[in-house]
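Enquirer: Below is protein-v3.cif; it holds mmCIF, N, CA and C atoms.
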data_coords
loop_
_atom_site.label_atom_id
_atom_site.label_comp_id
_atom_site.auth_asym_id
_atom_site.auth_seq_id
_atom_site.Cartn_x
_atom_site.Cartn_y
_atom_site.Cartn_z
N GLN I 1 53.84 37.66 -36.90
CA GLN I 1 54.77 38.73 -36.57
C GLN I 1 55.06 39.56 -37.81
N VAL I 2 55.11 40.86 -37.64
CA VAL I 2 55.43 41.76 -38.74
C VAL I 2 56.94 41.83 -38.92
N GLN I 3 57.39 41.65 -40.15
CA GLN I 3 58.79 41.89 -40.50
C GLN I 3 58.82 43.03 -41.50
N LEU I 4 59.80 43.91 -41.35
CA LEU I 4 59.87 45.12 -42.16
C LEU I 4 61.16 45.16 -42.96
N VAL I 5 61.04 45.56 -44.23
CA VAL I 5 62.22 45.68 -45.10
C VAL I 5 62.14 47.03 -45.81
N GLU I 6 63.15 47.87 -45.55
CA GLU I 6 63.20 49.18 -46.20
C GLU I 6 63.95 49.08 -47.53
N SER I 7 63.61 49.99 -48.43
CA SER I 7 64.33 50.13 -49.68
C SER I 7 64.17 51.56 -50.18
N GLY I 8 64.97 51.90 -51.19
CA GLY I 8 64.84 53.22 -51.81
C GLY I 8 65.90 54.22 -51.42
N GLY I 9 66.82 53.81 -50.56
CA GLY I 9 67.86 54.74 -50.17
C GLY I 9 68.86 54.98 -51.29
N GLY I 10 69.71 55.98 -51.08
CA GLY I 10 70.72 56.27 -52.09
C GLY I 10 71.33 57.63 -51.90
N LEU I 11 71.99 58.08 -52.95
CA LEU I 11 72.68 59.36 -52.96
C LEU I 11 71.87 60.34 -53.81
N VAL I 12 71.68 61.54 -53.28
CA VAL I 12 70.91 62.55 -53.99
C VAL I 12 71.51 63.91 -53.70
N GLN I 13 71.36 64.82 -54.63
CA GLN I 13 71.86 66.19 -54.41
C GLN I 13 70.86 66.97 -53.56
N ALA I 14 71.37 67.95 -52.87
CA ALA I 14 70.50 68.83 -52.09
C ALA I 14 69.42 69.43 -52.98
N GLY I 15 68.22 69.45 -52.45
CA GLY I 15 67.07 69.93 -53.21
C GLY I 15 66.32 68.84 -53.93
N GLY I 16 66.90 67.65 -54.00
CA GLY I 16 66.29 66.54 -54.69
C GLY I 16 65.28 65.80 -53.83
N SER I 17 64.79 64.70 -54.40
CA SER I 17 63.76 63.90 -53.74
C SER I 17 64.12 62.43 -53.76
N LEU I 18 63.60 61.72 -52.78
CA LEU I 18 63.70 60.27 -52.71
C LEU I 18 62.42 59.75 -52.09
N ARG I 19 62.05 58.53 -52.44
CA ARG I 19 60.94 57.86 -51.78
C ARG I 19 61.43 56.54 -51.21
N LEU I 20 61.31 56.42 -49.91
CA LEU I 20 61.64 55.19 -49.23
C LEU I 20 60.39 54.32 -49.12
N SER I 21 60.60 53.03 -49.22
CA SER I 21 59.51 52.08 -49.04
C SER I 21 59.82 51.18 -47.85
N CYS I 22 58.76 50.77 -47.17
CA CYS I 22 58.87 49.84 -46.04
C CYS I 22 57.84 48.75 -46.28
N ALA I 23 58.31 47.62 -46.77
CA ALA I 23 57.43 46.50 -47.07
C ALA I 23 57.30 45.61 -45.84
N ALA I 24 56.08 45.29 -45.50
CA ALA I 24 55.81 44.51 -44.30
C ALA I 24 55.25 43.14 -44.67
N SER I 25 55.71 42.14 -43.97
CA SER I 25 55.13 40.81 -44.07
C SER I 25 54.26 40.57 -42.84
N GLY I 26 53.38 39.63 -42.91
CA GLY I 26 52.50 39.36 -41.79
C GLY I 26 51.14 40.00 -41.98
N ARG I 27 50.20 39.58 -41.15
CA ARG I 27 48.82 39.99 -41.34
C ARG I 27 48.40 41.19 -40.51
N THR I 28 49.32 41.74 -39.74
CA THR I 28 48.94 42.81 -38.82
C THR I 28 49.29 44.21 -39.31
N PHE I 29 49.85 44.31 -40.53
CA PHE I 29 50.28 45.62 -41.01
C PHE I 29 49.13 46.61 -41.03
N SER I 30 47.99 46.19 -41.53
CA SER I 30 46.90 47.14 -41.73
C SER I 30 46.33 47.70 -40.44
N SER I 31 46.63 47.08 -39.31
CA SER I 31 46.16 47.59 -38.02
C SER I 31 47.27 48.25 -37.21
N ALA I 32 48.45 48.39 -37.81
CA ALA I 32 49.62 48.90 -37.10
C ALA I 32 49.92 50.36 -37.46
N ALA I 33 50.20 51.16 -36.44
CA ALA I 33 50.76 52.48 -36.70
C ALA I 33 52.19 52.31 -37.19
N MET I 34 52.60 53.17 -38.10
CA MET I 34 53.94 53.07 -38.67
C MET I 34 54.70 54.35 -38.44
N GLY I 35 56.01 54.23 -38.33
CA GLY I 35 56.84 55.41 -38.13
C GLY I 35 58.16 55.29 -38.86
N TRP I 36 58.81 56.43 -39.03
CA TRP I 36 60.16 56.50 -39.58
C TRP I 36 61.04 57.24 -38.58
N PHE I 37 62.26 56.74 -38.43
CA PHE I 37 63.21 57.32 -37.49
C PHE I 37 64.59 57.38 -38.15
N ARG I 38 65.45 58.21 -37.58
CA ARG I 38 66.85 58.25 -38.01
C ARG I 38 67.70 58.54 -36.79
N PRO I 39 68.97 58.17 -36.80
CA PRO I 39 69.83 58.47 -35.67
C PRO I 39 70.08 59.97 -35.58
N ALA I 40 70.36 60.44 -34.39
CA ALA I 40 70.68 61.84 -34.16
C ALA I 40 71.65 61.93 -33.00
N PRO I 41 72.49 62.96 -32.96
CA PRO I 41 73.42 63.12 -31.85
C PRO I 41 72.71 63.12 -30.51
N GLY I 42 73.18 62.30 -29.61
CA GLY I 42 72.59 62.27 -28.27
C GLY I 42 71.32 61.46 -28.16
N LYS I 43 70.85 60.91 -29.27
CA LYS I 43 69.63 60.11 -29.27
C LYS I 43 69.91 58.80 -29.99
N GLU I 44 69.24 57.76 -29.50
CA GLU I 44 69.40 56.51 -30.21
C GLU I 44 68.76 56.62 -31.60
N ARG I 45 67.53 57.07 -31.63
CA ARG I 45 66.82 57.27 -32.88
C ARG I 45 65.89 58.46 -32.74
N GLU I 46 65.95 59.32 -33.73
CA GLU I 46 65.17 60.55 -33.74
C GLU I 46 63.91 60.33 -34.56
N PHE I 47 62.79 60.78 -34.03
CA PHE I 47 61.52 60.67 -34.73
C PHE I 47 61.53 61.51 -36.00
N VAL I 48 60.96 60.95 -37.08
CA VAL I 48 60.83 61.68 -38.34
C VAL I 48 59.35 61.88 -38.68
N ALA I 49 58.60 60.77 -38.70
CA ALA I 49 57.19 60.86 -39.10
C ALA I 49 56.45 59.62 -38.63
N THR I 50 55.13 59.76 -38.48
CA THR I 50 54.29 58.63 -38.12
C THR I 50 52.94 58.75 -38.82
N ILE I 51 52.33 57.59 -39.04
CA ILE I 51 51.01 57.54 -39.65
C ILE I 51 50.17 56.51 -38.91
N SER I 52 48.91 56.84 -38.72
CA SER I 52 48.00 55.93 -38.02
C SER I 52 47.70 54.70 -38.87
N TRP I 53 47.10 53.71 -38.24
CA TRP I 53 46.83 52.46 -38.94
C TRP I 53 45.93 52.67 -40.15
N SER I 54 45.01 53.62 -40.06
CA SER I 54 44.08 53.87 -41.16
C SER I 54 44.65 54.80 -42.21
N GLY I 55 45.74 55.48 -41.87
CA GLY I 55 46.26 56.49 -42.77
C GLY I 55 45.63 57.85 -42.60
N GLY I 56 44.69 57.95 -41.69
CA GLY I 56 43.95 59.19 -41.54
C GLY I 56 44.66 60.27 -40.76
N ARG I 57 45.68 59.90 -40.00
CA ARG I 57 46.41 60.88 -39.20
C ARG I 57 47.90 60.71 -39.40
N THR I 58 48.56 61.82 -39.57
CA THR I 58 50.01 61.83 -39.69
C THR I 58 50.58 62.90 -38.76
N TYR I 59 51.84 62.74 -38.44
CA TYR I 59 52.53 63.69 -37.56
C TYR I 59 53.99 63.68 -37.95
N TYR I 60 54.59 64.88 -37.98
CA TYR I 60 55.96 65.02 -38.47
C TYR I 60 56.83 65.77 -37.48
N ALA I 61 58.10 65.43 -37.51
CA ALA I 61 59.08 66.24 -36.78
C ALA I 61 59.15 67.62 -37.42
N TYR I 62 59.42 68.60 -36.59
CA TYR I 62 59.48 69.97 -37.08
C TYR I 62 60.50 70.12 -38.20
N SER I 63 61.59 69.38 -38.09
CA SER I 63 62.69 69.52 -39.05
C SER I 63 62.32 69.04 -40.45
N VAL I 64 61.27 68.24 -40.58
CA VAL I 64 60.91 67.70 -41.90
C VAL I 64 59.52 68.12 -42.34
N GLU I 65 58.76 68.75 -41.47
CA GLU I 65 57.38 69.11 -41.82
C GLU I 65 57.37 70.03 -43.02
N GLY I 66 56.49 69.72 -43.97
CA GLY I 66 56.40 70.49 -45.19
C GLY I 66 57.30 69.97 -46.30
N ARG I 67 58.24 69.10 -45.95
CA ARG I 67 59.15 68.51 -46.96
C ARG I 67 58.92 67.01 -47.12
N PHE I 68 58.57 66.32 -46.05
CA PHE I 68 58.38 64.87 -46.07
C PHE I 68 56.90 64.55 -45.89
N THR I 69 56.48 63.45 -46.49
CA THR I 69 55.16 62.90 -46.22
C THR I 69 55.30 61.39 -46.00
N ILE I 70 54.29 60.82 -45.31
CA ILE I 70 54.35 59.40 -44.93
C ILE I 70 53.05 58.71 -45.33
N PRO I 71 52.88 58.44 -46.63
CA PRO I 71 51.69 57.70 -47.04
C PRO I 71 51.84 56.21 -46.75
N ARG I 72 50.74 55.50 -46.83
CA ARG I 72 50.77 54.05 -46.68
C ARG I 72 49.73 53.45 -47.62
N ASP I 73 49.97 52.22 -48.00
CA ASP I 73 49.04 51.47 -48.84
C ASP I 73 48.79 50.14 -48.16
N ASN I 74 47.69 50.03 -47.46
CA ASN I 74 47.43 48.80 -46.70
C ASN I 74 47.19 47.61 -47.61
N ALA I 75 46.71 47.85 -48.81
CA ALA I 75 46.51 46.74 -49.74
C ALA I 75 47.83 46.13 -50.18
N LYS I 76 48.88 46.94 -50.16
CA LYS I 76 50.21 46.46 -50.57
C LYS I 76 51.11 46.19 -49.37
N ASN I 77 50.57 46.36 -48.17
CA ASN I 77 51.38 46.15 -46.95
C ASN I 77 52.66 46.98 -46.98
N THR I 78 52.55 48.20 -47.42
CA THR I 78 53.74 49.04 -47.58
C THR I 78 53.48 50.45 -47.05
N ALA I 79 54.46 50.95 -46.34
CA ALA I 79 54.48 52.35 -45.93
C ALA I 79 55.62 53.03 -46.67
N TYR I 80 55.50 54.33 -46.82
CA TYR I 80 56.49 55.09 -47.60
C TYR I 80 56.94 56.32 -46.82
N LEU I 81 58.06 56.83 -47.22
CA LEU I 81 58.50 58.15 -46.76
C LEU I 81 58.91 58.92 -48.00
N GLN I 82 58.08 59.85 -48.42
CA GLN I 82 58.39 60.71 -49.55
C GLN I 82 59.18 61.90 -49.04
N MET I 83 60.39 62.04 -49.53
CA MET I 83 61.31 63.05 -49.04
C MET I 83 61.60 64.04 -50.15
N ASN I 84 61.18 65.27 -49.99
CA ASN I 84 61.40 66.33 -50.98
C ASN I 84 62.28 67.42 -50.38
N SER I 85 62.84 68.24 -51.24
CA SER I 85 63.68 69.36 -50.81
C SER I 85 64.73 68.90 -49.80
N LEU I 86 65.41 67.84 -50.14
CA LEU I 86 66.36 67.24 -49.21
C LEU I 86 67.53 68.17 -48.92
N LYS I 87 68.02 68.08 -47.70
CA LYS I 87 69.13 68.89 -47.23
C LYS I 87 70.27 67.97 -46.79
N PRO I 88 71.50 68.46 -46.82
CA PRO I 88 72.61 67.62 -46.35
C PRO I 88 72.40 67.10 -44.92
N GLU I 89 71.74 67.86 -44.08
CA GLU I 89 71.52 67.41 -42.71
C GLU I 89 70.48 66.29 -42.62
N ASP I 90 69.83 65.94 -43.72
CA ASP I 90 68.95 64.78 -43.75
C ASP I 90 69.72 63.48 -43.94
N THR I 91 71.00 63.57 -44.21
CA THR I 91 71.82 62.38 -44.39
C THR I 91 71.78 61.52 -43.13
N ALA I 92 71.41 60.26 -43.30
CA ALA I 92 71.29 59.35 -42.15
C ALA I 92 70.86 57.99 -42.67
N VAL I 93 70.89 57.02 -41.78
CA VAL I 93 70.19 55.75 -42.01
C VAL I 93 68.76 55.94 -41.52
N TYR I 94 67.80 55.59 -42.36
CA TYR I 94 66.40 55.73 -42.02
C TYR I 94 65.81 54.35 -41.72
N TYR I 95 65.10 54.29 -40.60
CA TYR I 95 64.50 53.05 -40.15
C TYR I 95 62.98 53.19 -40.14
N CYS I 96 62.29 52.19 -40.66
CA CYS I 96 60.84 52.17 -40.46
C CYS I 96 60.54 51.28 -39.27
N ALA I 97 59.41 51.56 -38.65
CA ALA I 97 59.02 50.87 -37.43
C ALA I 97 57.51 50.67 -37.42
N ALA I 98 57.08 49.61 -36.75
CA ALA I 98 55.66 49.31 -36.61
C ALA I 98 55.29 49.18 -35.15
N LYS I 99 54.17 49.77 -34.80
CA LYS I 99 53.58 49.56 -33.48
C LYS I 99 52.45 48.56 -33.71
N THR I 100 52.67 47.30 -33.32
CA THR I 100 51.75 46.25 -33.74
C THR I 100 50.54 46.08 -32.83
N SER I 101 50.48 46.83 -31.73
CA SER I 101 49.23 46.82 -30.96
C SER I 101 48.12 47.30 -31.88
N PRO I 102 47.12 46.48 -32.16
CA PRO I 102 46.18 46.81 -33.23
C PRO I 102 45.30 48.01 -32.94
N TYR I 103 45.15 48.82 -34.00
CA TYR I 103 44.21 49.94 -34.00
C TYR I 103 44.50 50.95 -32.89
N SER I 104 45.78 51.16 -32.63
CA SER I 104 46.16 52.16 -31.64
C SER I 104 45.76 53.54 -32.12
N SER I 105 45.29 54.38 -31.20
CA SER I 105 44.65 55.62 -31.61
C SER I 105 45.46 56.87 -31.32
N GLY I 106 46.65 56.73 -30.71
CA GLY I 106 47.40 57.92 -30.35
C GLY I 106 48.41 58.33 -31.40
N TYR I 107 49.24 59.32 -31.04
CA TYR I 107 50.39 59.71 -31.84
C TYR I 107 51.62 59.08 -31.21
N TYR I 108 52.44 58.47 -32.00
CA TYR I 108 53.57 57.71 -31.48
C TYR I 108 54.85 58.25 -32.08
N TYR I 109 55.58 59.00 -31.29
CA TYR I 109 56.75 59.68 -31.80
C TYR I 109 58.01 59.42 -30.99
N THR I 110 58.01 58.36 -30.20
CA THR I 110 59.25 57.93 -29.56
C THR I 110 59.54 56.50 -29.96
N ALA I 111 60.84 56.17 -30.01
CA ALA I 111 61.24 54.86 -30.50
C ALA I 111 60.66 53.72 -29.65
N HIS I 112 60.51 53.94 -28.35
CA HIS I 112 60.04 52.84 -27.52
C HIS I 112 58.55 52.56 -27.71
N ASP I 113 57.85 53.39 -28.46
CA ASP I 113 56.45 53.09 -28.79
C ASP I 113 56.32 51.95 -29.80
N TYR I 114 57.40 51.64 -30.50
CA TYR I 114 57.35 50.70 -31.61
C TYR I 114 58.05 49.39 -31.23
N ASP I 115 57.51 48.29 -31.73
CA ASP I 115 58.05 46.99 -31.35
C ASP I 115 58.63 46.20 -32.50
N ARG I 116 58.53 46.69 -33.72
CA ARG I 116 59.14 46.04 -34.87
C ARG I 116 59.91 47.07 -35.67
N TRP I 117 61.09 46.67 -36.12
CA TRP I 117 61.98 47.59 -36.82
C TRP I 117 62.55 46.93 -38.07
N GLY I 118 62.76 47.75 -39.09
CA GLY I 118 63.50 47.30 -40.25
C GLY I 118 64.99 47.42 -40.04
N GLN I 119 65.74 47.06 -41.06
CA GLN I 119 67.20 47.03 -40.95
C GLN I 119 67.82 48.39 -41.27
N GLY I 120 67.05 49.28 -41.84
CA GLY I 120 67.54 50.62 -42.17
C GLY I 120 68.01 50.74 -43.60
N THR I 121 67.90 51.95 -44.14
CA THR I 121 68.39 52.24 -45.49
C THR I 121 69.08 53.60 -45.45
N GLN I 122 70.24 53.68 -46.11
CA GLN I 122 71.08 54.88 -46.04
C GLN I 122 70.63 55.93 -47.05
N ILE I 123 70.51 57.17 -46.55
CA ILE I 123 70.27 58.33 -47.41
C ILE I 123 71.46 59.25 -47.27
N THR I 124 72.04 59.63 -48.41
CA THR I 124 73.14 60.59 -48.40
C THR I 124 72.76 61.75 -49.31
N VAL I 125 72.76 62.95 -48.73
CA VAL I 125 72.42 64.16 -49.49
C VAL I 125 73.68 64.99 -49.63
N SER I 126 74.08 65.20 -50.87
CA SER I 126 75.31 65.96 -51.13
C SER I 126 74.96 67.43 -51.35
N SER I 127 75.89 68.28 -50.93
CA SER I 127 75.65 69.73 -51.06
C SER I 127 76.15 70.25 -52.39
#
Please render this file's structure as structure tokens.

Expert:
Amino acid sequence: QVQLVESGGGLVQAGGSLRLSCAASGRTFSSAAMGWFRPAPGKEREFVATISWSGGRTYYAYSVEGRFTIPRDNAKNTAYLQMNSLKPEDTAVYYCAAKTSPYSSGYYYTAHDYDRWGQGTQITVSS
């Protein structure tokens, strides 16, 4: 079973950058699609970004496209969320998630697509 632990959250000024890490245990990370989510009004969790198991495909929410990237390092069993040009409205708890069905080939941008979740890490962007 994949277990996920996020780190890298904190307080940053608007315009700054942060990199979140999602360290995975278990042997299925390299075949799992990964995603990042955050809470939003009226939604349990709002999609932020996703990356395919190989790292070859990524997809971003419109609100973060061009500012965030979602690399992964399968050798280190870690996915990342590089957050640049941060805005106060990016303030949230960020959750990483894994879709452990191996070698899934689609784009997964809803929370129910994922079956493993981390505990979340808080990002606060001050204006």

Enquirer: Just give me the gap between atom C of I:Pro102 and atom CA of I:Ile51 in Å, one decimal is fine.

Expert: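 These two atoms are separated by 13.0 Å.
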
Enquirer: Can you work out which one of I:Ala98, I:Val2, I:Leu20, I:Ala92 has the shortest atom-to-atom distance to I:Gln122, counting only N, CA and C atoms?

Expert: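 Nearest to I:Gln122: I:Ala92.
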
Enquirer: Can you tell me, as a list in words, what residues are no more than 9 Å from I:Arg72 when counting only C-alpha atoms, ignoring any on the same chain fewer than 5 positions away?

Expert: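 Answer for this query is Met34, Ile51, Trp53, Ser54, Gly55, Asn77, Thr78, Ala79, Tyr80 and Leu81 of chain I.
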
Enquirer: How many Å lie between atom CA of I:Val48 and atom CA of I:Asn74, rounded to one decimal?

Expert: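 Between atom CA of I:Val48 and atom CA of I:Asn74 the gap is 20.4 Å.
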
Enquirer: Do you know which residues are at most 7 Å from stretch 107-119 of chain I counting only N, CA and C atoms, after dropping those on the same chain fewer than 2 positions away, and could you put them as a VMD selection string?

Expert: chain I and resid 2 to 6 35 45 to 50 94 to 100 104 to 105 121

Enquirer: Could you save those same residues with N, CA and C atoms as a tab-separated table (two decimals), in the coordinates of the input?

Expert:
chain	number	residue	atom	x	y	z
I	2	VAL	N	55.11	40.86	-37.64
I	2	VAL	CA	55.43	41.76	-38.74
I	2	VAL	C	56.94	41.83	-38.92
I	3	GLN	N	57.39	41.65	-40.15
I	3	GLN	CA	58.79	41.89	-40.50
I	3	GLN	C	58.82	43.03	-41.50
I	4	LEU	N	59.80	43.91	-41.35
I	4	LEU	CA	59.87	45.12	-42.16
I	4	LEU	C	61.16	45.16	-42.96
I	5	VAL	N	61.04	45.56	-44.23
I	5	VAL	CA	62.22	45.68	-45.10
I	5	VAL	C	62.14	47.03	-45.81
I	6	GLU	N	63.15	47.87	-45.55
I	6	GLU	CA	63.20	49.18	-46.20
I	6	GLU	C	63.95	49.08	-47.53
I	35	GLY	N	56.01	54.23	-38.33
I	35	GLY	CA	56.84	55.41	-38.13
I	35	GLY	C	58.16	55.29	-38.86
I	45	ARG	N	67.53	57.07	-31.63
I	45	ARG	CA	66.82	57.27	-32.88
I	45	ARG	C	65.89	58.46	-32.74
I	46	GLU	N	65.95	59.32	-33.73
I	46	GLU	CA	65.17	60.55	-33.74
I	46	GLU	C	63.91	60.33	-34.56
I	47	PHE	N	62.79	60.78	-34.03
I	47	PHE	CA	61.52	60.67	-34.73
I	47	PHE	C	61.53	61.51	-36.00
I	48	VAL	N	60.96	60.95	-37.08
I	48	VAL	CA	60.83	61.68	-38.34
I	48	VAL	C	59.35	61.88	-38.68
I	49	ALA	N	58.60	60.77	-38.70
I	49	ALA	CA	57.19	60.86	-39.10
I	49	ALA	C	56.45	59.62	-38.63
I	50	THR	N	55.13	59.76	-38.48
I	50	THR	CA	54.29	58.63	-38.12
I	50	THR	C	52.94	58.75	-38.82
I	94	TYR	N	67.80	55.59	-42.36
I	94	TYR	CA	66.40	55.73	-42.02
I	94	TYR	C	65.81	54.35	-41.72
I	95	TYR	N	65.10	54.29	-40.60
I	95	TYR	CA	64.50	53.05	-40.15
I	95	TYR	C	62.98	53.19	-40.14
I	96	CYS	N	62.29	52.19	-40.66
I	96	CYS	CA	60.84	52.17	-40.46
I	96	CYS	C	60.54	51.28	-39.27
I	97	ALA	N	59.41	51.56	-38.65
I	97	ALA	CA	59.02	50.87	-37.43
I	97	ALA	C	57.51	50.67	-37.42
I	98	ALA	N	57.08	49.61	-36.75
I	98	ALA	CA	55.66	49.31	-36.61
I	98	ALA	C	55.29	49.18	-35.15
I	99	LYS	N	54.17	49.77	-34.80
I	99	LYS	CA	53.58	49.56	-33.48
I	99	LYS	C	52.45	48.56	-33.71
I	100	THR	N	52.67	47.30	-33.32
I	100	THR	CA	51.75	46.25	-33.74
I	100	THR	C	50.54	46.08	-32.83
I	104	SER	N	45.78	51.16	-32.63
I	104	SER	CA	46.16	52.16	-31.64
I	104	SER	C	45.76	53.54	-32.12
I	105	SER	N	45.29	54.38	-31.20
I	105	SER	CA	44.65	55.62	-31.61
I	105	SER	C	45.46	56.87	-31.32
I	121	THR	N	67.90	51.95	-44.14
I	121	THR	CA	68.39	52.24	-45.49
I	121	THR	C	69.08	53.60	-45.45

Enquirer: Please enclose the listed atoms of stretch 45-59 of chain I in an axis-aligned box, pad each side by 6 Å, and write out the centre and the three edge lengths in Å, rounded to one decimal, as lines of an AutoDock Vina configuration file.

Expert:
center_x = 55.7
center_y = 58.1
center_z = -37.2
size_x = 35.6
size_y = 23.2
size_z = 23.1

Enquirer: Calculate how many Å separate atom CA of I:Ser25 from atom CA of I:Gly9, rounding to one decimal.

Expert: 19.8 Å

Enquirer: Give the strand (DSSP E or B) residues of stretch 79-125 of chain I, as DSSP finds them on the backbone, and put them as a ChimeraX atom specification.

Expert: /I:79-83,92-99,116-117,121-125

Enquirer: Between I:Gln13, I:Gln82, I:Ser101, I:Ser7, which is the closest to I:Ala32 once you count only N, CA and C atoms?

Expert: I:Ser101

Enquirer: Please write as a list in words the full residue list that the PyMOL selection byres ((chain I and resi 15-18) around 5) yields on this file.

Expert: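 Residues picked by the PyMOL selection byres ((chain I and resi 15-18) around 5): Gln13, Ala14, Arg19, Leu20, Gln82, Met83, Asn84, Ser85, Leu86 and Lys87 of chain I.
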
Enquirer: Out of stretch 34-110 of chain I, which residues get helix (DSSP H, G or I) from DSSP, as a PDB file with N, CA and C atoms, in the coordinates of the input?

Expert:
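Contents of selection-v2.pdb, as written:
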ATOM      1  N   ASN I  74      47.690  50.030 -47.460  1.00  0.00           N
ATOM      2  CA  ASN I  74      47.430  48.800 -46.700  1.00  0.00           C
ATOM      3  C   ASN I  74      47.190  47.610 -47.610  1.00  0.00           C
ATOM      4  N   ALA I  75      46.710  47.850 -48.810  1.00  0.00           N
ATOM      5  CA  ALA I  75      46.510  46.740 -49.740  1.00  0.00           C
ATOM      6  C   ALA I  75      47.830  46.130 -50.180  1.00  0.00           C
ATOM      7  N   LYS I  76      48.880  46.940 -50.160  1.00  0.00           N
ATOM      8  CA  LYS I  76      50.210  46.460 -50.570  1.00  0.00           C
ATOM      9  C   LYS I  76      51.110  46.190 -49.370  1.00  0.00           C
ATOM     10  N   PRO I  88      71.500  68.460 -46.820  1.00  0.00           N
ATOM     11  CA  PRO I  88      72.610  67.620 -46.350  1.00  0.00           C
ATOM     12  C   PRO I  88      72.400  67.100 -44.920  1.00  0.00           C
ATOM     13  N   GLU I  89      71.740  67.860 -44.080  1.00  0.00           N
ATOM     14  CA  GLU I  89      71.520  67.410 -42.710  1.00  0.00           C
ATOM     15  C   GLU I  89      70.480  66.290 -42.620  1.00  0.00           C
ATOM     16  N   ASP I  90      69.830  65.940 -43.720  1.00  0.00           N
ATOM     17  CA  ASP I  90      68.950  64.780 -43.750  1.00  0.00           C
ATOM     18  C   ASP I  90      69.720  63.480 -43.940  1.00  0.00           C
TER      19      ASP I  90
END
